[in-house]
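K.L.:
For reference, the structure I am asking about is given below.
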Amino acid sequence: MSDHAIKFRYLSQEDLIKAGAFNMPMALAAVERSLVQFKKGEILFPEKIVQEFDEVYKDRINCLPATLCNEKICGVKWVSVFPRNPRLYGTQNLSAIIVLSHIVKGYPVCVMDGTLCSNMRVAAIGATAAKYLAREDAESIGFIGAGEQAKMHLLGMKAVRPGLKLCRVAAQYAHEEQGFIDALQPLFPDMEFVACNTELEDAIRDSDIIVTATSAQAPLLKPEWVKKGAFYSHVGGYECDYGVITMADKLVCDDWDVVKHRLSTITRVYKAGLISDEDITGNLVDLITGDCKGRENDDEFIVFTAAGLSYVDVAIAYDMFQKAEAVNAGKMLPMQEQMVFEHEDLEKYVVL
Ligand SMILES: NC(=O)c1ccc[n+]([C@@H]2O[C@H](COP(=O)([O-])OP(=O)(O)OC[C@H]3O[C@@H](n4cnc5c(N)ncnc54)[C@H](O)[C@@H]3O)[C@@H](O)[C@H]2O)c1
């Protein structure tokens with residue numbers, strides 16, 4: 001190969017898992033680090049590009065770029081969200097691919113599966129919020145939704161609240177609840193799992209931590225089910241009764257300026273004039289930097305909503321890449337061996 005060769009590392013999801021990159025503490029550290037870097041102006045974060053293909057079901061592919069200036073890494077997540085996939089095809093809703101480029105020469109260094117990273121980011125953000133906002137002595141967690149985000153959330157929550165020992169789950173179909181338990185019981189053999197047979201209330205009542213991670217666009221979670229002192233991570237779009245938001249003692253977001261323009265329950269409540277900007281306690285980063293107080297007593301009910309900040313995906317992806325590179329995981333693929341006009345016998349191949 002000439003000096004003009006460009007190659008990059010290709011990492012499948014299996015490469016990443018075997019390289020030890022499915023590492024929740026690593027993702028949690030990347031969340032805190034990148035949120036602080038963004039606050040300090042050390043991350044470029046342009047607007048995402050959204051292409052929506054179905055108005056009702058919101059099938060979409062989004063292009064989300066970000067640059068970690070300190071690390072000299074620019075990344076992009078190309079993510080598909082097709083909420084009907086599980087029902088129509090028995091396949092996952094979300095799939096993603098991530099490209100990382102070094103910004104010294106600008107060449108790509110890695111093309112990797114982005115589904116693992118993306119799902120880990122969603123969970124790690126919710127779990128970081130729980131670290132600052134859930135009761136220290138939380139023992140029970142209740143899920144509405146048993147899909148990929150819900151499963152990953154349990155890994156995140158357990159990492160920040162190792163005292164969790166009871167997990168209840170309710171979904172649209174009972175077989176999904178069983179799938180959730182079958183996937184997670186081996187990872188947490190000491191945890192008691194309860195399938196709630198689609199009774200959402202049973203999953204929530206008496207839970208110290210509540211997670212809704214559904215593809216529904218409906219007020220599933222009701223205020224009267226919520227235990228005093230609970231922490232609630234709202235992951236999906238429209239998932240809870242407006243009363244859940246208005247009864248909260250604290251409302252925290254990953255970034256309120258971003259959430260405000262999305263279609264989350266809190267945004268609906270805001271647009272309905274039931275809450276104002278002043279009712280938002282702060283952004284997650286403000287808890288990390290100590291500019292804003294987290295939980296102040298055991299009775300507060302605190303709601304966290306995430307819009308999804310893709311610079312955090314890029315930060316996690318870069319850590320995953322470095323972990324994989326250290327053990328030479330994946331494949332090095334050539335993008336080019338020479339510059340275009342350096343190829344021999346070009347006249348044989350060029351079509352004029
Ligand atoms: N906030 C973020 O950063 C972020 C990132 C990725 C995905 N999401 C959102 O998270 C949500 C879940 O994504 P996923 O990948 O886990 O999807 P998934 O399809 O794997 O799971 C969806 C779950 O929702 C449940 N559900 C749907 N309708 C329901 C109802 N009426 N009652 C009870 N349960 C119901 C299903 O039973 C299923 O368990 C989606 O809305 C997705 O857009 C948010």
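Going through the structure tokens in order, the chains are called A, B, and so on, while each chain numbers its residues from 1 and the ligands are numbered from 1 in the order shown.
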Give the residue list for ligand 1 at 6 Å, counting only C-alpha atoms and all ligand atoms, as a PyMOL selection string, sorted by chain and then by residue number.
P.N.:
chain A and resi 83+86+92-94+122+144-150+171-173+176+213-216+235-237+306-308
K.L.:
Produce a file of the selected residues containing C-alpha atoms, as a PDB file, in the first residue's frame.
P.N.:
ATOM      1  CA  PRO A  83     -41.508   1.414  15.842  1.00  0.00           C
ATOM      2  CA  PRO A  86     -41.219  -5.745  16.555  1.00  0.00           C
ATOM      3  CA  GLN A  92     -35.819  -4.565  16.643  1.00  0.00           C
ATOM      4  CA  ASN A  93     -37.192  -1.031  16.391  1.00  0.00           C
ATOM      5  CA  LEU A  94     -33.914   0.881  16.470  1.00  0.00           C
ATOM      6  CA  VAL A 122     -30.053   6.034  26.491  1.00  0.00           C
ATOM      7  CA  ILE A 144     -43.677  -0.048  31.479  1.00  0.00           C
ATOM      8  CA  GLY A 145     -42.266  -1.375  28.232  1.00  0.00           C
ATOM      9  CA  ALA A 146     -40.089  -4.441  27.902  1.00  0.00           C
ATOM     10  CA  GLY A 147     -38.177  -3.610  24.719  1.00  0.00           C
ATOM     11  CA  GLU A 148     -34.541  -2.867  24.003  1.00  0.00           C
ATOM     12  CA  GLN A 149     -34.409   0.455  25.863  1.00  0.00           C
ATOM     13  CA  ALA A 150     -36.130  -1.021  28.905  1.00  0.00           C
ATOM     14  CA  ALA A 171     -45.668  -4.419  28.458  1.00  0.00           C
ATOM     15  CA  GLN A 172     -48.281  -4.509  25.757  1.00  0.00           C
ATOM     16  CA  TYR A 173     -48.002  -8.296  25.445  1.00  0.00           C
ATOM     17  CA  GLU A 176     -42.540  -9.452  25.824  1.00  0.00           C
ATOM     18  CA  ALA A 213     -39.712   2.998  27.650  1.00  0.00           C
ATOM     19  CA  THR A 214     -42.479   2.362  25.176  1.00  0.00           C
ATOM     20  CA  SER A 215     -43.341   2.946  21.555  1.00  0.00           C
ATOM     21  CA  ALA A 216     -46.837   4.029  22.641  1.00  0.00           C
ATOM     22  CA  VAL A 235     -37.645   7.454  27.883  1.00  0.00           C
ATOM     23  CA  GLY A 236     -40.161   7.397  25.046  1.00  0.00           C
ATOM     24  CA  GLY A 237     -42.422  10.031  23.455  1.00  0.00           C
ATOM     25  CA  ALA A 306     -34.132  12.792  27.940  1.00  0.00           C
ATOM     26  CA  ALA A 307     -34.279  14.092  24.395  1.00  0.00           C
ATOM     27  CA  GLY A 308     -31.167  12.125  23.482  1.00  0.00           C
TER      28      GLY A 308
END
K.L.:
Excluding A:Ile316 and any residue of its chain fewer than 3 positions from it, enumerate the residues within 8 Å of it, using only C-alpha atoms, and give them as a ChimeraX atom specification.
P.N.:
/A:26-27,30-31,117,121,312-313,319-320
K.L.:
When DSSP is applied to the backbone of this structure, which of stretch 235-310 of chain A are assigned alpha helix (DSSP H)? Write them out as a ChimeraX atom specification.
P.N.:
/A:242-246,256-259,265-271,284-288,310
K.L.:
For A:Ile275, work out the shell of residues within 9 Å, counting only C-alpha atoms and skipping chain neighbours fewer than 6 positions away, then give it as a PyMOL selection string.
P.N.:
chain A and resi 245-246+266+269
K.L.:
Generate the output file for the selected residues, C-alpha atoms, as a PDB file, in the first residue's frame.
P.N.:
ATOM      1  CA  ILE A 245     -45.438  15.872  35.337  1.00  0.00           C
ATOM      2  CA  THR A 246     -47.397  18.520  37.223  1.00  0.00           C
ATOM      3  CA  ILE A 266     -43.167  17.170  29.380  1.00  0.00           C
ATOM      4  CA  VAL A 269     -47.482  19.780  29.325  1.00  0.00           C
TER       5      VAL A 269
END
K.L.:
Quote the spacing between atom CA of A:Glu224 and atom CA of A:Tyr242 in Å to one decimal place.
P.N.:
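Pair atom CA of A:Glu224 / atom CA of A:Tyr242 returns 11.9 Å.
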K.L.:
Per DSSP on the backbone, filter stretch 271-349 of chain A down to the residues in strand (DSSP E) and report them as a short mmCIF file (atom, residue, chain, number, x, y, z; two decimals) with all heavy atoms, in the first residue's frame.
P.N.:
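Final file, result.cif:
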data_model
loop_
_atom_site.label_atom_id
_atom_site.label_comp_id
_atom_site.auth_asym_id
_atom_site.auth_seq_id
_atom_site.Cartn_x
_atom_site.Cartn_y
_atom_site.Cartn_z
N GLY A 282 -33.46 21.82 36.33
CA GLY A 282 -32.15 22.01 35.69
C GLY A 282 -31.87 20.89 34.71
O GLY A 282 -32.69 19.99 34.51
N ASN A 283 -30.70 20.99 34.11
CA ASN A 283 -30.23 19.94 33.21
C ASN A 283 -29.33 19.00 33.99
O ASN A 283 -28.72 19.39 35.00
CB ASN A 283 -29.46 20.55 32.05
CG ASN A 283 -30.38 21.33 31.12
OD1 ASN A 283 -31.57 21.03 31.02
ND2 ASN A 283 -29.83 22.33 30.45
N ILE A 302 -39.34 12.76 41.62
CA ILE A 302 -38.52 13.48 40.63
C ILE A 302 -38.64 12.79 39.26
O ILE A 302 -38.51 11.57 39.14
CB ILE A 302 -37.04 13.52 41.07
CG1 ILE A 302 -36.95 14.12 42.50
CG2 ILE A 302 -36.21 14.33 40.08
CD1 ILE A 302 -35.55 14.24 43.06
N VAL A 303 -38.88 13.63 38.25
CA VAL A 303 -39.05 13.13 36.88
C VAL A 303 -37.85 13.56 36.03
O VAL A 303 -37.45 14.73 36.06
CB VAL A 303 -40.35 13.69 36.24
CG1 VAL A 303 -40.47 13.23 34.78
CG2 VAL A 303 -41.57 13.26 37.04
N PHE A 304 -37.32 12.61 35.29
CA PHE A 304 -36.23 12.92 34.35
C PHE A 304 -36.67 12.56 32.93
O PHE A 304 -37.20 11.47 32.69
CB PHE A 304 -34.98 12.10 34.71
CG PHE A 304 -33.87 12.28 33.70
CD1 PHE A 304 -33.16 13.47 33.63
CD2 PHE A 304 -33.55 11.26 32.81
CE1 PHE A 304 -32.15 13.65 32.69
CE2 PHE A 304 -32.55 11.42 31.87
CZ PHE A 304 -31.84 12.62 31.81
N THR A 305 -36.45 13.50 32.02
CA THR A 305 -36.78 13.27 30.61
C THR A 305 -35.54 13.53 29.76
O THR A 305 -34.86 14.54 29.95
CB THR A 305 -37.88 14.24 30.13
OG1 THR A 305 -39.02 14.06 30.94
CG2 THR A 305 -38.26 13.97 28.68
N LYS A 331 -12.11 -5.73 12.10
CA LYS A 331 -11.30 -5.89 10.88
C LYS A 331 -10.83 -4.52 10.42
O LYS A 331 -11.58 -3.55 10.48
CB LYS A 331 -12.19 -6.43 9.74
CG LYS A 331 -12.66 -7.83 9.88
CD LYS A 331 -13.44 -8.20 8.60
CE LYS A 331 -14.10 -9.56 8.74
NZ LYS A 331 -15.19 -9.59 9.69
N MET A 332 -9.59 -4.47 9.93
CA MET A 332 -9.14 -3.25 9.26
C MET A 332 -9.56 -3.36 7.80
O MET A 332 -9.26 -4.34 7.13
CB MET A 332 -7.61 -3.10 9.36
CG MET A 332 -7.10 -2.82 10.77
SD MET A 332 -7.87 -1.39 11.57
CE MET A 332 -7.31 -0.04 10.53
N LEU A 333 -10.30 -2.38 7.33
CA LEU A 333 -10.77 -2.41 5.95
C LEU A 333 -10.12 -1.27 5.16
O LEU A 333 -10.03 -0.15 5.67
CB LEU A 333 -12.29 -2.24 5.90
CG LEU A 333 -13.13 -3.34 6.53
CD1 LEU A 333 -14.61 -3.03 6.37
CD2 LEU A 333 -12.83 -4.70 5.91
N PRO A 334 -9.70 -1.56 3.94
CA PRO A 334 -9.13 -0.49 3.13
C PRO A 334 -10.24 0.36 2.52
O PRO A 334 -11.21 -0.18 1.98
CB PRO A 334 -8.37 -1.25 2.04
CG PRO A 334 -9.07 -2.55 1.93
CD PRO A 334 -9.70 -2.86 3.26
N MET A 335 -10.10 1.68 2.64
CA MET A 335 -11.04 2.55 1.93
C MET A 335 -10.46 2.89 0.57
O MET A 335 -11.14 2.94 -0.43
CB MET A 335 -11.29 3.82 2.74
CG MET A 335 -12.40 4.68 2.18
SD MET A 335 -12.87 6.01 3.29
CE MET A 335 -11.94 7.36 2.60
N GLN A 336 -9.13 3.10 0.56
CA GLN A 336 -8.40 3.28 -0.70
C GLN A 336 -6.96 2.86 -0.46
O GLN A 336 -6.45 2.96 0.66
CB GLN A 336 -8.47 4.72 -1.19
CG GLN A 336 -7.70 5.70 -0.30
CD GLN A 336 -7.68 7.12 -0.85
OE1 GLN A 336 -8.70 7.63 -1.28
NE2 GLN A 336 -6.52 7.75 -0.84
#
K.L.:
Would you kindly return, as a PDB file with N, CA, C and O atoms, in the first residue's frame, each protein, DNA or RNA residue with an atom no farther than 8 Å from any atom of A:Glu201, considering only C-alpha atoms and excluding same-chain residues fewer than 3 positions away?
P.N.:
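Wrote result.pdb, looks like this:
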ATOM      1  N   ILE A 204     -45.848  -0.646  38.588  1.00  0.00           N
ATOM      2  CA  ILE A 204     -45.437   0.680  39.072  1.00  0.00           C
ATOM      3  C   ILE A 204     -45.658   0.886  40.568  1.00  0.00           C
ATOM      4  O   ILE A 204     -44.799   1.436  41.262  1.00  0.00           O
ATOM      5  N   ARG A 205     -46.807   0.460  41.064  1.00  0.00           N
ATOM      6  CA  ARG A 205     -47.130   0.709  42.477  1.00  0.00           C
ATOM      7  C   ARG A 205     -46.001   0.197  43.357  1.00  0.00           C
ATOM      8  O   ARG A 205     -45.518  -0.904  43.184  1.00  0.00           O
ATOM      9  N   LEU A 221     -48.722   5.926  32.171  1.00  0.00           N
ATOM     10  CA  LEU A 221     -48.431   6.001  33.610  1.00  0.00           C
ATOM     11  C   LEU A 221     -49.359   7.019  34.275  1.00  0.00           C
ATOM     12  O   LEU A 221     -49.465   8.162  33.824  1.00  0.00           O
ATOM     13  N   TRP A 225     -50.505   6.007  40.744  1.00  0.00           N
ATOM     14  CA  TRP A 225     -49.711   4.781  40.935  1.00  0.00           C
ATOM     15  C   TRP A 225     -48.332   5.080  41.537  1.00  0.00           C
ATOM     16  O   TRP A 225     -47.609   4.162  41.933  1.00  0.00           O
TER      17      TRP A 225
END
K.L.:
I'd like the neighbourhood of A:Ile97 as a PyMOL selection string, where a residue qualifies if any of its atoms comes within 9 Å (using only C-alpha atoms), though same-chain residues fewer than 5 positions away should be ignored.
P.N.:
chain A and resi 76-79+111-115
K.L.:
Env of A:Ile49: 7 Å cut, atoms = only C-alpha atoms, seq-sep filter 5 positions within chain, self excluded. Answer as an mmCIF file with N, CA, C and O atoms, in the first residue's frame.
P.N.:
data_model
loop_
_atom_site.group_PDB
_atom_site.id
_atom_site.type_symbol
_atom_site.label_atom_id
_atom_site.label_comp_id
_atom_site.auth_asym_id
_atom_site.auth_seq_id
_atom_site.Cartn_x
_atom_site.Cartn_y
_atom_site.Cartn_z
ATOM 1 N N ASN A 62 -32.477 9.257 11.163
ATOM 2 C CA ASN A 62 -31.877 10.527 11.592
ATOM 3 C C ASN A 62 -30.366 10.483 11.424
ATOM 4 O O ASN A 62 -29.743 9.423 11.606
ATOM 5 N N CYS A 63 -29.798 11.629 11.126
ATOM 6 C CA CYS A 63 -28.348 11.762 10.961
ATOM 7 C C CYS A 63 -27.856 12.737 12.039
ATOM 8 O O CYS A 63 -28.277 13.892 12.070
ATOM 9 N N LEU A 64 -27.035 12.232 12.952
ATOM 10 C CA LEU A 64 -26.686 13.016 14.151
ATOM 11 C C LEU A 64 -25.178 13.161 14.291
ATOM 12 O O LEU A 64 -24.506 12.242 14.754
#
K.L.:
Between atom CA of A:Lys250 and atom CA of A:Arg295, what is the spacing in Å?
P.N.:
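If I compute the distance from atom CA of A:Arg295 to atom CA of A:Lys250, I get 8.5 Å.
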K.L.:
Determine, counting only C-alpha atoms, which protein, DNA and RNA residues have an atom within 9 Å of an atom of A:Asp15; residues of the same chain fewer than 5 positions away are not included. Present the result as a PyMOL selection string.
P.N.:
chain A and resi 10+20-21+324+329-330
K.L.:
With C-alpha atoms kept, could you save the residues just selected as a compact mmCIF listing (two decimals), in the first residue's frame?
P.N.:
# COMPACT_ATOMS: atom_id res chain seq x y z
CA TYR A 10 -14.82 -2.07 11.19
CA GLY A 20 -15.39 -5.70 26.45
CA ALA A 21 -17.01 -2.56 25.07
CA ALA A 324 -11.71 -2.54 20.74
CA ALA A 329 -10.86 -6.38 17.57
CA GLY A 330 -12.81 -6.26 14.32
